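Colleague: final17.txt (compact mmCIF, C-alpha atoms and all ligand atoms) pasted underneath:
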# COMPACT_ATOMS: atom_id res chain seq x y z
CA MET X 1 6.07 -44.69 4.40
CA LEU X 2 5.10 -41.69 2.25
CA ALA X 3 5.29 -41.45 -1.52
CA VAL X 4 4.11 -38.27 -3.22
CA GLU X 5 4.03 -38.52 -6.97
CA ASP X 6 3.54 -35.82 -9.59
CA LEU X 7 1.46 -33.70 -7.21
CA LYS X 8 -0.36 -30.67 -8.59
CA VAL X 9 -2.06 -27.98 -6.50
CA ARG X 10 -3.86 -25.00 -8.00
CA TYR X 11 -5.51 -21.97 -6.43
CA GLY X 12 -7.57 -20.50 -9.29
CA GLN X 13 -5.00 -19.39 -11.88
CA ILE X 14 -2.02 -19.98 -9.55
CA ASN X 15 -0.10 -23.24 -9.94
CA ALA X 16 1.37 -23.80 -6.47
CA LEU X 17 2.61 -27.33 -7.22
CA ASN X 18 3.42 -28.38 -10.79
CA GLY X 19 4.11 -32.09 -10.39
CA ALA X 20 6.20 -32.46 -7.25
CA SER X 21 7.41 -35.89 -6.13
CA ILE X 22 8.95 -36.80 -2.79
CA ASP X 23 9.49 -39.95 -0.71
CA VAL X 24 9.85 -40.26 3.04
CA GLY X 25 11.00 -43.50 4.67
CA GLN X 26 10.05 -44.70 8.12
CA GLY X 27 12.29 -43.17 10.82
CA GLU X 28 13.75 -40.49 8.58
CA VAL X 29 13.96 -36.75 9.15
CA VAL X 30 13.40 -35.21 5.72
CA ALA X 31 13.50 -31.49 4.92
CA ILE X 32 11.88 -29.46 2.18
CA VAL X 33 13.57 -26.14 1.56
CA GLY X 34 12.80 -23.35 -0.86
CA PRO X 35 12.08 -19.63 -1.03
CA ASN X 36 8.76 -17.86 -0.41
CA GLY X 37 6.01 -19.14 -2.64
CA ALA X 38 7.90 -22.32 -3.67
CA GLY X 39 4.89 -24.46 -2.77
CA LYS X 40 6.21 -25.91 0.49
CA SER X 41 3.10 -25.26 2.60
CA SER X 42 0.85 -26.44 -0.22
CA LEU X 43 2.75 -29.73 -0.28
CA LEU X 44 2.35 -30.29 3.47
CA GLY X 45 -1.28 -29.17 3.29
CA ALA X 46 -2.03 -31.68 0.53
CA ILE X 47 -0.37 -34.53 2.49
CA ALA X 48 -2.36 -33.53 5.59
CA GLY X 49 -5.59 -33.49 3.57
CA ILE X 50 -6.40 -29.80 4.09
CA VAL X 51 -5.47 -28.78 0.53
CA LYS X 52 -7.19 -30.56 -2.36
CA PRO X 53 -4.72 -31.55 -5.12
CA ALA X 54 -5.57 -31.08 -8.79
CA GLY X 55 -3.59 -34.20 -9.71
CA GLY X 56 -1.03 -36.76 -8.64
CA ARG X 57 -0.87 -39.37 -5.88
CA ILE X 58 -0.12 -39.36 -2.17
CA ASP X 59 0.47 -42.86 -0.82
CA PHE X 60 0.80 -43.26 2.93
CA ASP X 61 1.56 -46.76 4.16
CA GLY X 62 0.61 -48.00 0.69
CA GLU X 63 -2.82 -46.34 0.47
CA ASN X 64 -3.75 -43.22 -1.52
CA THR X 65 -4.83 -40.47 0.90
CA ILE X 66 -6.29 -38.05 -1.65
CA GLY X 67 -10.00 -37.59 -1.15
CA GLN X 68 -10.05 -39.25 2.26
CA PRO X 69 -11.93 -37.51 5.07
CA LEU X 70 -9.59 -35.39 7.18
CA GLU X 71 -10.29 -37.41 10.31
CA ARG X 72 -9.21 -40.62 8.56
CA THR X 73 -5.92 -39.00 7.55
CA VAL X 74 -5.27 -38.05 11.19
CA ARG X 75 -6.31 -41.50 12.39
CA ARG X 76 -3.96 -43.14 9.90
CA GLY X 77 -1.11 -41.24 11.59
CA ILE X 78 -0.45 -37.96 9.77
CA ALA X 79 -0.12 -34.79 11.86
CA LEU X 80 0.64 -31.27 10.68
CA VAL X 81 1.99 -28.37 12.73
CA PRO X 82 1.11 -25.41 10.50
CA GLU X 83 3.22 -22.30 10.22
CA GLY X 84 2.40 -19.59 12.76
CA ARG X 85 2.11 -21.31 16.16
CA HIS X 86 -1.67 -21.39 16.43
CA VAL X 87 -2.34 -21.95 20.11
CA PHE X 88 -5.71 -21.43 21.78
CA SER X 89 -4.43 -18.49 23.76
CA GLY X 90 -7.26 -18.31 26.33
CA LEU X 91 -6.95 -22.01 27.21
CA THR X 92 -4.28 -23.45 29.49
CA VAL X 93 -1.28 -25.37 28.20
CA LEU X 94 -2.85 -28.60 29.45
CA GLU X 95 -6.19 -27.85 27.75
CA ASN X 96 -4.34 -27.12 24.50
CA LEU X 97 -2.52 -30.45 24.77
CA LYS X 98 -5.73 -32.37 25.38
CA LEU X 99 -7.25 -30.83 22.24
CA GLY X 100 -4.53 -32.61 20.27
CA ALA X 101 -5.90 -35.95 21.45
CA THR X 102 -9.56 -35.52 20.47
CA ILE X 103 -9.43 -38.50 18.06
CA ARG X 104 -8.40 -40.77 20.96
CA SER X 105 -10.71 -42.23 23.56
CA SER X 106 -8.69 -43.48 26.55
CA ALA X 107 -8.24 -40.62 29.03
CA ALA X 108 -5.68 -42.69 30.97
CA GLU X 109 -3.54 -43.23 27.85
CA ILE X 110 -3.79 -39.57 26.91
CA ASP X 111 -2.68 -38.52 30.42
CA ALA X 112 0.21 -41.00 30.31
CA ASP X 113 1.31 -39.61 26.93
CA ILE X 114 1.12 -36.02 28.20
CA GLN X 115 3.33 -36.98 31.16
CA SER X 116 5.72 -38.74 28.84
CA TYR X 117 5.96 -35.73 26.49
CA PHE X 118 6.64 -33.48 29.47
CA GLU X 119 10.06 -35.23 29.55
CA ILE X 120 10.84 -33.66 26.17
CA PHE X 121 9.05 -30.39 26.99
CA PRO X 122 9.67 -29.72 30.72
CA ILE X 123 8.72 -26.05 30.32
CA LEU X 124 5.20 -27.13 29.29
CA SER X 125 4.91 -29.13 32.50
CA GLU X 126 6.00 -26.15 34.58
CA ARG X 127 3.48 -23.89 32.87
CA ARG X 128 0.67 -26.40 32.32
CA HIS X 129 -1.96 -24.39 34.23
CA GLU X 130 -1.10 -21.06 32.57
CA ALA X 131 -2.92 -19.59 29.59
CA ALA X 132 -1.13 -20.57 26.37
CA GLY X 133 -1.23 -16.94 25.23
CA ARG X 134 1.23 -16.07 28.00
CA LEU X 135 3.96 -18.36 26.65
CA SER X 136 6.91 -17.03 24.66
CA GLY X 137 7.14 -17.73 20.91
CA GLY X 138 9.50 -20.66 21.47
CA GLU X 139 7.28 -22.14 24.16
CA GLN X 140 4.23 -21.79 21.91
CA GLN X 141 6.13 -23.62 19.16
CA MET X 142 6.87 -26.42 21.65
CA LEU X 143 3.20 -26.48 22.65
CA VAL X 144 1.93 -26.88 19.08
CA ILE X 145 4.48 -29.64 18.43
CA ALA X 146 3.48 -31.48 21.62
CA ARG X 147 -0.21 -30.99 20.79
CA ALA X 148 0.32 -32.56 17.35
CA LEU X 149 2.17 -35.50 18.93
CA LEU X 150 -0.86 -36.24 21.09
CA SER X 151 -2.73 -37.52 18.05
CA ASN X 152 -0.13 -40.35 18.08
CA PRO X 153 1.21 -39.69 14.58
CA LYS X 154 3.53 -41.92 12.59
CA LEU X 155 4.44 -38.91 10.46
CA LEU X 156 4.83 -35.46 12.01
CA MET X 157 5.02 -32.57 9.56
CA LEU X 158 6.33 -29.19 10.71
CA ASP X 159 5.92 -26.02 8.65
CA GLU X 160 8.69 -23.50 9.36
CA PRO X 161 9.14 -24.37 13.05
CA SER X 162 12.03 -21.91 13.46
CA LEU X 163 10.32 -18.88 11.90
CA GLY X 164 10.88 -15.78 14.04
CA LEU X 165 12.69 -17.65 16.81
CA ALA X 166 16.12 -16.77 18.25
CA PRO X 167 18.96 -19.09 17.16
CA LYS X 168 19.26 -20.66 20.62
CA ILE X 169 15.54 -21.50 20.72
CA THR X 170 15.76 -22.81 17.17
CA ASP X 171 18.62 -25.09 18.29
CA ARG X 172 16.35 -26.46 21.01
CA ILE X 173 13.48 -27.02 18.56
CA TYR X 174 15.80 -29.04 16.34
CA GLU X 175 17.08 -31.06 19.32
CA ILE X 176 13.44 -31.80 20.08
CA ILE X 177 12.89 -32.96 16.49
CA GLU X 178 15.72 -35.44 16.98
CA GLU X 179 14.19 -36.63 20.28
CA ILE X 180 10.85 -37.09 18.54
CA ARG X 181 12.53 -39.24 15.89
CA GLY X 182 14.11 -41.19 18.77
CA ARG X 183 10.59 -42.09 19.85
CA GLY X 184 9.87 -43.65 16.47
CA VAL X 185 8.07 -40.76 14.76
CA THR X 186 9.07 -39.91 11.18
CA VAL X 187 9.52 -36.17 10.58
CA LEU X 188 8.97 -34.05 7.47
CA VAL X 189 10.01 -30.45 8.04
CA VAL X 190 9.64 -27.39 5.82
CA GLU X 191 12.28 -24.71 6.24
CA GLN X 192 13.24 -21.45 4.54
CA ASN X 193 16.48 -21.60 6.52
CA ALA X 194 18.30 -24.02 4.24
CA GLY X 195 21.47 -24.23 6.36
CA ARG X 196 19.46 -25.28 9.38
CA ALA X 197 17.49 -27.88 7.42
CA LEU X 198 20.59 -29.42 5.86
CA LYS X 199 22.15 -29.83 9.31
CA ALA X 200 19.06 -31.47 10.78
CA ALA X 201 17.69 -33.70 8.03
CA ASP X 202 18.91 -37.00 6.62
CA ARG X 203 17.69 -36.00 3.19
CA THR X 204 16.58 -32.69 1.70
CA TYR X 205 14.40 -31.68 -1.23
CA VAL X 206 14.84 -28.25 -2.83
CA LEU X 207 11.49 -26.98 -4.08
CA ASN X 208 11.00 -23.97 -6.32
CA GLY X 209 8.18 -22.99 -8.62
CA GLY X 210 6.17 -25.98 -7.43
CA VAL X 211 8.68 -28.61 -8.54
CA VAL X 212 11.63 -30.43 -6.98
CA ARG X 213 14.83 -28.95 -8.39
CA LEU X 214 17.32 -30.98 -6.42
CA SER X 215 17.25 -33.74 -3.82
CA GLY X 216 19.60 -36.04 -1.98
CA PRO X 217 21.32 -36.78 1.31
CA SER X 218 21.74 -33.46 3.17
CA SER X 219 25.46 -34.08 3.61
CA GLU X 220 25.83 -34.19 -0.20
CA LEU X 221 23.61 -31.19 -0.89
CA GLU X 222 25.46 -28.97 1.61
CA ASN X 223 28.38 -28.52 -0.77
CA HIS X 224 26.54 -29.27 -4.01
CA ASN X 225 27.46 -26.90 -6.84
CA ASP X 226 23.83 -26.68 -8.01
CA PHE X 227 22.28 -26.04 -4.62
CA GLU X 228 21.99 -22.25 -4.89
CA ALA X 229 20.74 -22.39 -8.47
CA ALA X 230 18.10 -24.93 -7.44
CA TYR X 231 17.05 -22.93 -4.38
CA PHE X 232 16.66 -19.73 -6.37
CA GLY X 233 14.88 -21.48 -9.24
CA LEU X 234 17.61 -21.10 -11.84
CA SER X 235 17.92 -24.82 -12.62
CA LYS X 236 15.72 -27.37 -14.39
CA ARG X 237 13.35 -29.61 -12.44
CA LYS X 238 14.72 -32.85 -11.04
CA ASP X 239 12.28 -35.28 -9.53
CA PRO X 240 13.67 -38.39 -7.84
N1 LIG X 301 -5.08 -20.17 -0.29
C1 LIG X 301 -4.39 -19.67 -1.34
N2 LIG X 301 -5.02 -18.97 -2.30
C2 LIG X 301 -4.36 -18.49 -3.38
N3 LIG X 301 -3.03 -18.64 -3.58
C3 LIG X 301 -2.35 -19.31 -2.64
C4 LIG X 301 -2.98 -19.85 -1.47
N4 LIG X 301 -2.04 -20.48 -0.73
C5 LIG X 301 -0.87 -20.33 -1.39
N5 LIG X 301 -1.05 -19.63 -2.54
C6 LIG X 301 -0.03 -19.31 -3.55
O1 LIG X 301 0.54 -20.55 -3.96
C7 LIG X 301 1.96 -20.41 -4.13
C8 LIG X 301 2.67 -21.40 -3.21
O2 LIG X 301 2.39 -21.02 -1.85
P1 LIG X 301 2.90 -21.86 -0.60
O3 LIG X 301 2.39 -21.16 0.64
O4 LIG X 301 2.57 -23.27 -0.80
O5 LIG X 301 4.48 -21.67 -0.70
P2 LIG X 301 5.58 -21.71 0.42
O6 LIG X 301 6.79 -22.27 -0.23
O7 LIG X 301 5.07 -22.41 1.62
O8 LIG X 301 5.80 -20.19 0.74
P3 LIG X 301 5.92 -19.45 2.16
O9 LIG X 301 7.25 -19.81 2.68
O10 LIG X 301 5.80 -18.01 1.75
O11 LIG X 301 4.76 -19.95 2.98
C9 LIG X 301 2.27 -18.95 -3.85
O12 LIG X 301 2.28 -18.26 -5.07
C10 LIG X 301 1.12 -18.51 -2.99
O13 LIG X 301 0.89 -17.12 -3.12
Is it possible to give me this structure as structure tokens?
Ligand SMILES: Nc1ncnc2c1ncn2[C@@H]1O[C@H](COP(=O)(O)OP(=O)(O)OP(=O)(O)O)[C@@H](O)[C@H]1O

Modeller:
Amino acid sequence: MLAVEDLKVRYGQINALNGASIDVGQGEVVAIVGPNGAGKSSLLGAIAGIVKPAGGRIDFDGENTIGQPLERTVRRGIALVPEGRHVFSGLTVLENLKLGATIRSSAAEIDADIQSYFEIFPILSERRHEAAGRLSGGEQQMLVIARALLSNPKLLMLDEPSLGLAPKITDRIYEIIEEIRGRGVTVLVVEQNAGRALKAADRTYVLNGGVVRLSGPSSELENHNDFEAAYFGLSKRKDP
């Protein structure tokens, strides 16, 4: 579904991505782990079309996405939940959800989808008429995930969904990720919490210094001798 090849992202003198390559297959949950500044957010941003790459290719469903208008990227089925739980705090939960569906036209279909997602996020149903700013951190994370789903994505990308959340809430977020996959959505998740990512994802990429240092099935990477060296940037690059 997604093939990123030799991707380069620069911010002035800073090389955030130095030729990173990843693949994501339909129906997979794939994780990208790495320390602060590894280039994880830049990679998601480039796939989502909000960061302009300096080189490389991003093929989604067989078509290069680089240079496409942002709206086309969303319409083709790519959604990003950025780090930091950006809700519109003065708007209600329901209003926030509807904002996720602005590229769609059928109000009836949007309402049906909102009702259907309330099965995964019952707390959002209970609090649908409350201001989003009154929700807890975990509830806001659920809201931004549900809002992204309302664009009807094929690929949902989540940037650090567990950041700052209690372990129990994080468990719930990862159960939700599995439920989302159960509904046919492919998931690409960025995590600093490597243990959590390895448990949740089918396959994991270790990014450091803007390149992939290690990749493979999560079950193999969990006990891989080179995992720590790759995570902390002590090993050579290894693109798939
Ligand atoms: N808009 C920007 N302008 C300048 N430098 C940036 C910008 N965004 C990111 N960087 C730099 O690019 C590098 C990669 O950052 P990026 O946010 O992609 O990494 P990350 O792995 O997501 O890190 P974190 O977990 O801290 O978000 C870092 O050195 C960062 O300081």

Colleague: Measuring between all atoms listed in the file, which one of X:Ser151, X:Ser42, X:Thr204, X:Thr186 shows the shortest distance to Asn15 in chain X?

Modeller: X:Ser42

Colleague: Residues within 6 Å of ligand LIG 301 (chain X), counting only C-alpha atoms and all ligand atoms: report them as a PyMOL selection string.

Modeller: chain X and resi 11+16+35-42

Colleague: Kindly indicate which residue among X:Ala131, X:Ile180, X:Met157, X:Ile14 lies nearest to Glu83 in chain X, using only C-alpha atoms for the distances.

Modeller: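 For Glu83 in chain X, the nearest of the given residues is X:Met157.
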
Colleague: Which of these residues is nearest to Tyr231 in chain X, using only C-alpha atoms: X:Val51, X:Ile32, X:Val189, X:Leu135?

Modeller: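 Looking at the shortest contact to Tyr231 in chain X, the residue is X:Ile32.
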
Colleague: Enter the distance from CA of Val206 in chain X to CA of Asp23 in chain X, in Å, rounded to one decimal.

Modeller: 13.0 Å

Colleague: Have a look at CA of Ile50 in chain X and CA of Gly138 in chain X and let me know their distance in Å, one decimal.

Modeller: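 These atoms are spaced 25.3 Å apart.
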
Colleague: Which residue is closest to Gln192 in chain X? Choose from X:Leu44, X:Val211, X:Val33, X:Leu70 and count only C-alpha atoms.

Modeller: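 For Gln192 in chain X, the nearest of the candidates is X:Val33.
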
Colleague: Nearest to Leu156 in chain X among X:Leu221, X:Val187, X:Ile169, X:Val144, with distances taken over all atoms listed in the file: which residue is it?

Modeller: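 With all atoms listed in the file as the atom set, the closest residue is X:Val187.
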
Colleague: Using only C-alpha atoms for the distances, tell me which of X:Arg203, X:Lys98, X:Arg172, X:His86 is nearest to Ile120 in chain X.

Modeller: X:Arg172

Colleague: Quick one: pull the distance between CA of Gly62 in chain X and CA of Glu220 in chain X, Å, one decimal.

Modeller: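 These two atoms are separated by 28.8 Å.
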